[in-house]
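Peer 1: Input file: structure03.pdb. Contents: PDB, C-alpha atoms.
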ATOM      1  CA  MET A   1     -29.368  -3.233   7.203
ATOM      2  CA  ILE A   2     -27.858  -4.072  10.595
ATOM      3  CA  HIS A   3     -26.057  -7.056   9.052
ATOM      4  CA  MET A   4     -24.617  -4.838   6.289
ATOM      5  CA  LEU A   5     -23.457  -2.279   8.864
ATOM      6  CA  GLN A   6     -21.780  -4.983  10.955
ATOM      7  CA  SER A   7     -20.088  -6.381   7.842
ATOM      8  CA  LEU A   8     -18.793  -2.894   7.006
ATOM      9  CA  ILE A   9     -17.338  -2.514  10.507
ATOM     10  CA  ASP A  10     -15.726  -5.978  10.334
ATOM     11  CA  ASN A  11     -14.090  -5.146   7.000
ATOM     12  CA  ILE A  12     -13.101  -1.556   7.763
ATOM     13  CA  VAL A  13      -9.427  -2.516   8.022
ATOM     14  CA  VAL A  14      -9.273  -3.137   4.268
ATOM     15  CA  LEU A  15     -11.412  -0.177   3.169
ATOM     16  CA  PRO A  16      -8.631   2.474   2.858
ATOM     17  CA  PHE A  17      -6.764   0.180   0.456
ATOM     18  CA  PHE A  18      -9.888  -0.948  -1.393
ATOM     19  CA  ILE A  19     -11.293   2.563  -1.876
ATOM     20  CA  ALA A  20      -7.957   3.866  -3.200
ATOM     21  CA  LEU A  21      -7.717   0.937  -5.625
ATOM     22  CA  VAL A  22     -11.290   1.359  -6.904
ATOM     23  CA  THR A  23     -10.818   5.132  -7.202
ATOM     24  CA  GLY A  24      -7.750   4.573  -9.374
ATOM     25  CA  LEU A  25      -9.637   2.127 -11.600
ATOM     26  CA  VAL A  26     -12.541   4.568 -11.994
ATOM     27  CA  GLY A  27     -10.035   7.269 -12.928
ATOM     28  CA  ILE A  28      -8.635   5.047 -15.699
ATOM     29  CA  ILE A  29     -12.133   4.681 -17.180
ATOM     30  CA  TRP A  30     -13.176   8.295 -16.563
ATOM     31  CA  ARG A  31     -10.479   9.930 -18.661
ATOM     32  CA  ARG A  32     -11.700  13.462 -19.356
ATOM     33  CA  PRO A  33     -10.326  15.927 -16.757
ATOM     34  CA  CYS A  34     -13.169  18.072 -15.405
ATOM     35  CA  THR A  35     -14.438  19.604 -12.184
ATOM     36  CA  SER A  36     -16.665  16.606 -11.406
ATOM     37  CA  ARG A  37     -13.731  14.220 -11.799
ATOM     38  CA  ARG A  38     -11.600  16.340  -9.477
ATOM     39  CA  LEU A  39     -14.433  16.459  -6.940
ATOM     40  CA  PHE A  40     -14.714  12.668  -7.087
ATOM     41  CA  PHE A  41     -11.007  12.198  -6.337
ATOM     42  CA  SER A  42     -11.106  14.809  -3.559
ATOM     43  CA  ILE A  43     -14.077  13.159  -1.839
ATOM     44  CA  SER A  44     -12.465   9.719  -2.169
ATOM     45  CA  ALA A  45      -9.185  10.957  -0.650
ATOM     46  CA  ALA A  46     -11.112  12.633   2.195
ATOM     47  CA  ILE A  47     -13.054   9.413   2.910
ATOM     48  CA  GLN A  48      -9.813   7.433   2.957
ATOM     49  CA  MET A  49      -8.351   9.873   5.479
ATOM     50  CA  VAL A  50     -11.427   9.760   7.719
ATOM     51  CA  LEU A  51     -11.426   5.954   7.669
ATOM     52  CA  ALA A  52      -7.704   5.863   8.417
ATOM     53  CA  TRP A  53      -8.055   8.155  11.414
ATOM     54  CA  TYR A  54     -11.003   6.092  12.621
ATOM     55  CA  LEU A  55      -8.664   3.084  12.485
ATOM     56  CA  ILE A  56      -6.330   4.958  14.834
ATOM     57  CA  PHE A  57      -9.218   5.300  17.289
ATOM     58  CA  LEU A  58     -10.088   1.599  16.975
ATOM     59  CA  THR A  59      -6.519   0.338  17.373
ATOM     60  CA  HIS A  60      -6.095   2.564  20.426
ATOM     61  CA  LYS A  61      -8.989   0.625  21.976
ATOM     62  CA  VAL A  62      -8.368  -2.962  20.782
ATOM     63  CA  LYS A  63      -4.611  -2.778  19.977
ATOM     64  CA  ILE A  64      -4.734  -4.958  16.828
ATOM     65  CA  LEU A  65      -7.374  -5.191  14.088
ATOM     66  CA  PHE A  66      -7.221  -8.493  12.215
ATOM     67  CA  LEU A  67      -9.066  -9.683   9.098
ATOM     68  CA  PRO A  68      -8.422 -12.999   7.284
ATOM     69  CA  LEU A  69      -9.387 -12.325   3.668
ATOM     70  CA  GLY A  70     -11.780 -14.833   2.146
ATOM     71  CA  ALA A  71     -12.193 -16.428   5.604
ATOM     72  CA  TRP A  72      -8.946 -18.358   5.006
ATOM     73  CA  LYS A  73      -7.252 -18.606   8.370
ATOM     74  CA  ALA A  74      -3.531 -18.023   8.841
ATOM     75  CA  PRO A  75      -1.030 -19.246   7.869
ATOM     76  CA  PHE A  76      -2.693 -20.354   4.607
ATOM     77  CA  GLY A  77      -4.675 -17.249   3.705
ATOM     78  CA  ILE A  78      -3.862 -13.583   3.225
ATOM     79  CA  SER A  79      -4.459 -11.601   6.377
ATOM     80  CA  ILE A  80      -4.744  -7.916   7.164
ATOM     81  CA  ALA A  81      -3.456  -6.823  10.575
ATOM     82  CA  ILE A  82      -3.235  -3.236  11.773
ATOM     83  CA  ASP A  83      -1.807  -2.091  15.105
ATOM     84  CA  VAL A  84      -1.571   1.426  16.522
ATOM     85  CA  PHE A  85       1.674   2.242  14.722
ATOM     86  CA  GLY A  86       0.384   0.909  11.402
ATOM     87  CA  SER A  87      -2.836   2.893  11.703
ATOM     88  CA  LEU A  88      -0.845   6.054  12.432
ATOM     89  CA  LEU A  89       1.235   5.521   9.297
ATOM     90  CA  ILE A  90      -1.909   4.941   7.233
ATOM     91  CA  GLY A  91      -3.471   8.071   8.733
ATOM     92  CA  VAL A  92      -0.446  10.200   7.820
ATOM     93  CA  THR A  93      -0.278   8.661   4.318
ATOM     94  CA  THR A  94      -3.931   9.357   3.505
ATOM     95  CA  MET A  95      -3.700  12.876   4.933
ATOM     96  CA  LEU A  96      -0.656  13.681   2.777
ATOM     97  CA  SER A  97      -2.446  12.174  -0.214
ATOM     98  CA  LEU A  98      -5.424  14.501   0.269
ATOM     99  CA  PHE A  99      -3.174  17.552   0.682
ATOM    100  CA  ALA A 100      -1.141  16.608  -2.411
ATOM    101  CA  ILE A 101      -4.289  16.213  -4.521
ATOM    102  CA  LEU A 102      -5.718  19.550  -3.346
ATOM    103  CA  TYR A 103      -2.371  21.236  -4.029
ATOM    104  CA  LEU A 104      -2.343  19.694  -7.512
ATOM    105  CA  PHE A 105      -5.787  21.107  -8.214
ATOM    106  CA  ALA A 106      -4.724  24.550  -7.006
ATOM    107  CA  THR A 107      -1.586  24.674  -9.168
ATOM    108  CA  THR A 108      -2.612  22.806 -12.335
ATOM    109  CA  LYS A 109      -5.264  23.796 -14.837
ATOM    110  CA  LYS A 110      -7.761  21.093 -15.781
ATOM    111  CA  ASP A 111      -6.850  21.200 -19.469
ATOM    112  CA  LYS A 112      -3.157  20.664 -18.577
ATOM    113  CA  GLU A 113      -3.797  17.679 -16.310
ATOM    114  CA  ASN A 114      -2.765  14.241 -17.581
ATOM    115  CA  PHE A 115      -5.687  11.849 -17.049
ATOM    116  CA  LEU A 116      -3.304   9.207 -15.622
ATOM    117  CA  LEU A 117      -1.934  11.459 -12.869
ATOM    118  CA  LEU A 118      -4.724  11.072 -10.302
ATOM    119  CA  PRO A 119      -5.240   7.300 -10.868
ATOM    120  CA  LEU A 120      -1.500   6.686 -10.467
ATOM    121  CA  ILE A 121      -1.493   8.650  -7.204
ATOM    122  CA  GLN A 122      -4.368   6.497  -5.936
ATOM    123  CA  PHE A 123      -2.643   3.258  -6.977
ATOM    124  CA  MET A 124       0.493   4.393  -5.174
ATOM    125  CA  ILE A 125      -1.502   5.199  -2.019
ATOM    126  CA  ALA A 126      -3.243   1.807  -2.254
ATOM    127  CA  GLY A 127       0.128   0.033  -2.309
ATOM    128  CA  ILE A 128       1.516   2.092   0.571
ATOM    129  CA  VAL A 129      -1.586   1.501   2.717
ATOM    130  CA  LEU A 130      -1.456  -2.231   1.999
ATOM    131  CA  SER A 131       2.222  -2.375   2.982
ATOM    132  CA  PHE A 132       1.319  -0.881   6.391
ATOM    133  CA  SER A 133      -1.571  -3.291   6.952
ATOM    134  CA  THR A 134      -0.527  -6.648   5.524
ATOM    135  CA  GLY A 135      -0.057  -9.578   7.852
ATOM    136  CA  ASP A 136       2.213 -11.729   5.689
ATOM    137  CA  PHE A 137       5.515 -11.349   3.894
ATOM    138  CA  PHE A 138       4.440 -12.187   0.340
ATOM    139  CA  ASN A 139       1.588  -9.685   0.447
ATOM    140  CA  LEU A 140       4.143  -7.121   1.597
ATOM    141  CA  PHE A 141       6.073  -7.807  -1.614
ATOM    142  CA  VAL A 142       2.879  -7.343  -3.657
ATOM    143  CA  SER A 143       2.130  -4.026  -1.939
ATOM    144  CA  PHE A 144       5.662  -2.766  -2.629
ATOM    145  CA  GLU A 145       5.324  -3.602  -6.312
ATOM    146  CA  ILE A 146       1.931  -1.875  -6.571
ATOM    147  CA  PHE A 147       3.206   1.464  -5.345
ATOM    148  CA  LEU A 148       6.556   1.143  -7.133
ATOM    149  CA  ILE A 149       4.900   0.485 -10.509
ATOM    150  CA  ALA A 150       2.682   3.515  -9.899
ATOM    151  CA  SER A 151       5.784   5.548  -9.055
ATOM    152  CA  TYR A 152       7.401   4.520 -12.362
ATOM    153  CA  GLY A 153       4.404   5.972 -14.167
ATOM    154  CA  LEU A 154       4.468   9.179 -12.124
ATOM    155  CA  LEU A 155       8.182   9.649 -12.782
ATOM    156  CA  THR A 156       7.789   9.435 -16.550
ATOM    157  CA  LEU A 157       4.365  11.022 -16.988
ATOM    158  CA  LYS A 158       5.631  14.484 -17.965
ATOM    159  CA  SER A 159       9.239  13.665 -18.677
ATOM    160  CA  ASP A 160      11.191  14.310 -21.826
ATOM    161  CA  GLU A 161      13.391  11.667 -23.469
ATOM    162  CA  LYS A 162      16.436  12.558 -21.344
ATOM    163  CA  SER A 163      14.501  12.380 -18.085
ATOM    164  CA  ILE A 164      12.978   9.050 -19.037
ATOM    165  CA  LYS A 165      16.468   7.634 -19.639
ATOM    166  CA  ASN A 166      17.475   8.827 -16.180
ATOM    167  CA  THR A 167      14.684   6.728 -14.625
ATOM    168  CA  PHE A 168      16.195   3.466 -15.901
ATOM    169  CA  PRO A 169      18.707   3.168 -12.998
ATOM    170  CA  TYR A 170      15.797   3.628 -10.554
ATOM    171  CA  LEU A 171      13.845   0.949 -12.383
ATOM    172  CA  GLY A 172      16.851  -1.373 -12.553
ATOM    173  CA  VAL A 173      17.658  -1.071  -8.852
ATOM    174  CA  ASN A 174      14.045  -1.833  -7.927
ATOM    175  CA  VAL A 175      13.904  -4.853 -10.234
ATOM    176  CA  ILE A 176      17.000  -6.213  -8.478
ATOM    177  CA  GLY A 177      15.482  -5.373  -5.106
ATOM    178  CA  GLY A 178      12.237  -7.119  -6.056
ATOM    179  CA  THR A 179      14.118 -10.261  -7.088
ATOM    180  CA  LEU A 180      16.026 -10.293  -3.795
ATOM    181  CA  PHE A 181      12.722  -9.706  -1.987
ATOM    182  CA  VAL A 182      11.182 -12.867  -3.491
ATOM    183  CA  LEU A 183      14.319 -14.842  -2.650
ATOM    184  CA  GLY A 184      14.047 -13.550   0.922
ATOM    185  CA  ALA A 185      10.460 -14.800   1.070
ATOM    186  CA  SER A 186      11.627 -18.254  -0.045
ATOM    187  CA  PHE A 187      14.333 -18.280   2.639
ATOM    188  CA  ILE A 188      11.797 -17.336   5.300
ATOM    189  CA  TYR A 189       9.329 -19.991   4.160
ATOM    190  CA  GLY A 190      12.092 -22.582   4.066
ATOM    191  CA  MET A 191      13.036 -21.804   7.673
ATOM    192  CA  PHE A 192       9.603 -21.250   9.244
ATOM    193  CA  GLY A 193       7.167 -23.027   6.912
ATOM    194  CA  THR A 194       5.014 -19.884   6.766
ATOM    195  CA  LEU A 195       5.076 -16.261   5.595
ATOM    196  CA  ASN A 196       2.596 -15.041   8.204
ATOM    197  CA  PHE A 197       4.154 -12.395  10.461
ATOM    198  CA  ALA A 198       2.397 -13.589  13.633
ATOM    199  CA  ASP A 199       3.497 -17.211  13.129
ATOM    200  CA  ILE A 200       7.057 -16.117  12.350
ATOM    201  CA  SER A 201       7.123 -13.933  15.455
ATOM    202  CA  ALA A 202       5.964 -16.834  17.630
ATOM    203  CA  GLN A 203       8.727 -19.076  16.293
ATOM    204  CA  THR A 204      11.567 -16.545  16.452
ATOM    205  CA  SER A 205      11.203 -16.154  20.232
ATOM    206  CA  ASN A 206      13.004 -19.499  20.569
ATOM    207  CA  LEU A 207      15.558 -18.835  17.811
ATOM    208  CA  SER A 208      17.102 -15.541  18.873
ATOM    209  CA  GLN A 209      20.648 -16.957  18.768
ATOM    210  CA  ASP A 210      20.200 -19.089  15.655
ATOM    211  CA  PRO A 211      22.817 -17.965  13.054
ATOM    212  CA  LYS A 212      20.360 -18.679  10.219
ATOM    213  CA  LEU A 213      17.898 -16.206  11.720
ATOM    214  CA  ILE A 214      20.615 -13.552  12.057
ATOM    215  CA  LEU A 215      21.666 -14.186   8.455
ATOM    216  CA  ILE A 216      18.083 -13.851   7.141
ATOM    217  CA  ALA A 217      17.544 -10.706   9.203
ATOM    218  CA  SER A 218      20.723  -9.159   7.778
ATOM    219  CA  TYR A 219      19.637 -10.148   4.280
ATOM    220  CA  LEU A 220      16.257  -8.446   4.766
ATOM    221  CA  VAL A 221      17.960  -5.275   5.998
ATOM    222  CA  LEU A 222      19.882  -5.276   2.704
ATOM    223  CA  VAL A 223      16.672  -5.851   0.678
ATOM    224  CA  PHE A 224      14.734  -3.071   2.412
ATOM    225  CA  GLY A 225      17.758  -0.792   2.126
ATOM    226  CA  ILE A 226      17.815  -1.293  -1.654
ATOM    227  CA  LYS A 227      14.068  -0.680  -1.837
ATOM    228  CA  ALA A 228      14.390   2.476   0.259
TER     229      ALA A 228
END
Kindly transcribe the structure held in the file into structure tokens.

Peer 2:
Amino acid sequence: MIHMLQSLIDNIVVLPFFIALVTGLVGIIWRRPCTSRRLFFSISAAIQMVLAWYLIFLTHKVKILFLPLGAWKAPFGISIAIDVFGSLLIGVTTMLSLFAILYLFATTKKDKENFLLLPLIQFMIAGIVLSFSTGDFFNLFVSFEIFLIASYGLLTLKSDEKSIKNTFPYLGVNVIGGTLFVLGASFIYGMFGTLNFADISAQTSNLSQDPKLILIASYLVLVFGIKA
């Protein structure tokens, strides 16, 4: 029991993402809108918020929470790293998610609720939380695509034919942005030999005047601007 509790504490940095992802998957399987289903999503969103705000408390004490997934050490494995700012963003995200879900329940009748709506919200939250907690560049790209794909579904869930056509420019811009994002990752790996943020940060301290670094930084500003 003590070992399980310690394992839970060690892996708490990934729990807000993991719980949101599992909740979305359960919602895909549990299709029939009902009070029990709404209660399940409400409790899950509340747990995510509590965990996120507990992360704020932890990062205030230890500054950075770090977890190499699968015990693969950086720069070869995927790592989760959360600092105070990241935990604050996750806390605000999960809080807004809970409020949005409760507002949805208050304004939408159960028989009018699309069964995909709540799972898509959870998938979007999972992607946003992962983007605030990832420790490497490629995983950041994955997190962006998770919440963007969920947003595509949310945009078209209740749309008519005209509205769906109007979402194509949004989709097209993000496809271009995603392609540029992957190219940016290749440029970074070509220059630093890693996509891990900590390793990149350690190397850039000696390259502040390197024109290639300035060029890559400008390129990334363009990529994130398109995504935004």

Peer 1: Would you mind telling me which residue in A:Gly24, A:Ala202, A:Pro33, A:Leu195 lies nearest to Asp111 of chain A when using all atoms listed in the file?

Peer 2: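 So, comparing all the options, the nearest one is A:Pro33.
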
Peer 1: Please, what distance in Å, to one decimal, runs between atom CA of Ala20 of chain A and atom CA of Val129 of chain A?

Peer 2: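 Atom CA of Val129 of chain A lies at a distance of 9.0 Å from atom CA of Ala20 of chain A.
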
Peer 1: I need the residue nearest Ile125 of chain A from this list: A:Phe85, A:Trp30, A:Phe181, A:Phe17. Use all atoms listed in the file for the distance.

Peer 2: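 Ranking A:Phe85, A:Trp30, A:Phe181, A:Phe17 by distance to Ile125 of chain A, first place goes to A:Phe17.
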
Peer 1: Using Å and a single decimal, report how far atom CA of Trp53 of chain A sits from atom CA of Val22 of chain A.

Peer 2: 19.8 Å

Peer 1: Closest to Lys61 of chain A among A:Phe138, A:Leu183, A:Val84, A:Gly190, using only C-alpha atoms?

Peer 2: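 With only C-alpha atoms as the atom set, the closest residue is A:Val84.
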
Peer 1: Please write as a ChimeraX atom specification the full residue list that the PyMOL selection byres ((chain A and resi 177) around 9) yields on this file.

Peer 2: /A:172-176,178-182,222-227

Peer 1: Would you put the residues from that selection into a file with C-alpha atoms, as a PDB file, in the frame of the given file?

Peer 2:
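As written to disk, result_29.pdb reads:
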ATOM      1  CA  GLY A 172      16.851  -1.373 -12.553  1.00  0.00           C
ATOM      2  CA  VAL A 173      17.658  -1.071  -8.852  1.00  0.00           C
ATOM      3  CA  ASN A 174      14.045  -1.833  -7.927  1.00  0.00           C
ATOM      4  CA  VAL A 175      13.904  -4.853 -10.234  1.00  0.00           C
ATOM      5  CA  ILE A 176      17.000  -6.213  -8.478  1.00  0.00           C
ATOM      6  CA  GLY A 178      12.237  -7.119  -6.056  1.00  0.00           C
ATOM      7  CA  THR A 179      14.118 -10.261  -7.088  1.00  0.00           C
ATOM      8  CA  LEU A 180      16.026 -10.293  -3.795  1.00  0.00           C
ATOM      9  CA  PHE A 181      12.722  -9.706  -1.987  1.00  0.00           C
ATOM     10  CA  VAL A 182      11.182 -12.867  -3.491  1.00  0.00           C
ATOM     11  CA  LEU A 222      19.882  -5.276   2.704  1.00  0.00           C
ATOM     12  CA  VAL A 223      16.672  -5.851   0.678  1.00  0.00           C
ATOM     13  CA  PHE A 224      14.734  -3.071   2.412  1.00  0.00           C
ATOM     14  CA  GLY A 225      17.758  -0.792   2.126  1.00  0.00           C
ATOM     15  CA  ILE A 226      17.815  -1.293  -1.654  1.00  0.00           C
ATOM     16  CA  LYS A 227      14.068  -0.680  -1.837  1.00  0.00           C
TER      17      LYS A 227
END

Peer 1: Taking only C-alpha atoms into account, name the residue in A:Val13, A:Ile149, A:Ile29, A:Ile188 that is nearest to Ser87 of chain A.

Peer 2: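 Residue with the minimum atom-to-atom distance to Ser87 of chain A: A:Val13.
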
Peer 1: Give the answer as one residue: which of A:Leu148, A:Ile19, A:Met124, A:Leu117 has the shortest atom-to-atom distance to Val50 of chain A, using all atoms listed in the file?

Peer 2: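 Ranked by minimum distance to Val50 of chain A, first place goes to A:Ile19.
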
Peer 1: Run the PyMOL selection byres ((chain A and resi 136) around 6) against the file shown and list the residues it catches, as a PyMOL selection string.

Peer 2: chain A and resi 134-135+137-139+195-197

Peer 1: Just checking: using only C-alpha atoms, which residue out of A:Val26, A:Ala126, A:Leu155, A:Ala45 ends up closest to Val14 of chain A?

Peer 2: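 That would be A:Ala126, the residue with the smallest distance to Val14 of chain A.
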
Peer 1: Find the spatial neighbours of Lys63 of chain A, counting only C-alpha atoms, within a cut-off of 12 Å - ignore same-chain residues fewer than 2 positions away - and output them as a PDB file with C-alpha atoms, in the coordinates of the input.

Peer 2:
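Result file is part11.pdb:
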ATOM      1  CA  LEU A  55      -8.664   3.084  12.485  1.00  0.00           C
ATOM      2  CA  ILE A  56      -6.330   4.958  14.834  1.00  0.00           C
ATOM      3  CA  PHE A  57      -9.218   5.300  17.289  1.00  0.00           C
ATOM      4  CA  LEU A  58     -10.088   1.599  16.975  1.00  0.00           C
ATOM      5  CA  THR A  59      -6.519   0.338  17.373  1.00  0.00           C
ATOM      6  CA  HIS A  60      -6.095   2.564  20.426  1.00  0.00           C
ATOM      7  CA  LYS A  61      -8.989   0.625  21.976  1.00  0.00           C
ATOM      8  CA  LEU A  65      -7.374  -5.191  14.088  1.00  0.00           C
ATOM      9  CA  PHE A  66      -7.221  -8.493  12.215  1.00  0.00           C
ATOM     10  CA  ALA A  81      -3.456  -6.823  10.575  1.00  0.00           C
ATOM     11  CA  ILE A  82      -3.235  -3.236  11.773  1.00  0.00           C
ATOM     12  CA  ASP A  83      -1.807  -2.091  15.105  1.00  0.00           C
ATOM     13  CA  VAL A  84      -1.571   1.426  16.522  1.00  0.00           C
ATOM     14  CA  PHE A  85       1.674   2.242  14.722  1.00  0.00           C
ATOM     15  CA  GLY A  86       0.384   0.909  11.402  1.00  0.00           C
ATOM     16  CA  SER A  87      -2.836   2.893  11.703  1.00  0.00           C
TER      17      SER A  87
END

Peer 1: Quick check, in Å to one decimal: how far apart do atom CA of Ser159 of chain A and atom CA of Thr23 of chain A lie?

Peer 2: 24.6 Å

Peer 1: Could you tell me, as a VMD selection string, exactly which residues end up selected when the PyMOL selection byres ((chain A and resi 47) around 10) is applied to this structure?

Peer 2: chain A and resid 15 to 16 19 to 20 41 to 46 48 to 53 94 98

Peer 1: I need the residues from that last selection saved to file as an mmCIF file, keeping the file's coordinate frame (with C-alpha atoms), if you can.

Peer 2:
data_model
loop_
_atom_site.group_PDB
_atom_site.id
_atom_site.type_symbol
_atom_site.label_atom_id
_atom_site.label_comp_id
_atom_site.auth_asym_id
_atom_site.auth_seq_id
_atom_site.Cartn_x
_atom_site.Cartn_y
_atom_site.Cartn_z
ATOM 1 C CA LEU A 15 -11.412 -0.177 3.169
ATOM 2 C CA PRO A 16 -8.631 2.474 2.858
ATOM 3 C CA ILE A 19 -11.293 2.563 -1.876
ATOM 4 C CA ALA A 20 -7.957 3.866 -3.200
ATOM 5 C CA PHE A 41 -11.007 12.198 -6.337
ATOM 6 C CA SER A 42 -11.106 14.809 -3.559
ATOM 7 C CA ILE A 43 -14.077 13.159 -1.839
ATOM 8 C CA SER A 44 -12.465 9.719 -2.169
ATOM 9 C CA ALA A 45 -9.185 10.957 -0.650
ATOM 10 C CA ALA A 46 -11.112 12.633 2.195
ATOM 11 C CA GLN A 48 -9.813 7.433 2.957
ATOM 12 C CA MET A 49 -8.351 9.873 5.479
ATOM 13 C CA VAL A 50 -11.427 9.760 7.719
ATOM 14 C CA LEU A 51 -11.426 5.954 7.669
ATOM 15 C CA ALA A 52 -7.704 5.863 8.417
ATOM 16 C CA TRP A 53 -8.055 8.155 11.414
ATOM 17 C CA THR A 94 -3.931 9.357 3.505
ATOM 18 C CA LEU A 98 -5.424 14.501 0.269
#

Peer 1: Leaving out Gly153 of chain A and any residue of its chain fewer than 3 positions from it, which residues lie within 12 Å of it when counting only C-alpha atoms, given as a list in words?

Peer 2: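 Here the answer would be Asn114, Leu116, Leu117, Leu118, Pro119, Leu120, Ile121, Phe123, Met124, Ile146, Phe147, Leu148, Ile149, Ala150, Thr156, Leu157, Lys158, Ser159, Ile164, Thr167 and Leu171 of chain A.
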
Peer 1: How big is the axis-aligned box, and where does its centre sit, when it encloses all atoms of segment 96-113 of chain A listed in the file and has 8 Å added on every side, reported in Å to one decimal as lines of an AutoDock Vina configuration file?

Peer 2:
center_x = -4.2
center_y = 18.4
center_z = -8.3
size_x = 23.1
size_y = 28.5
size_z = 38.2
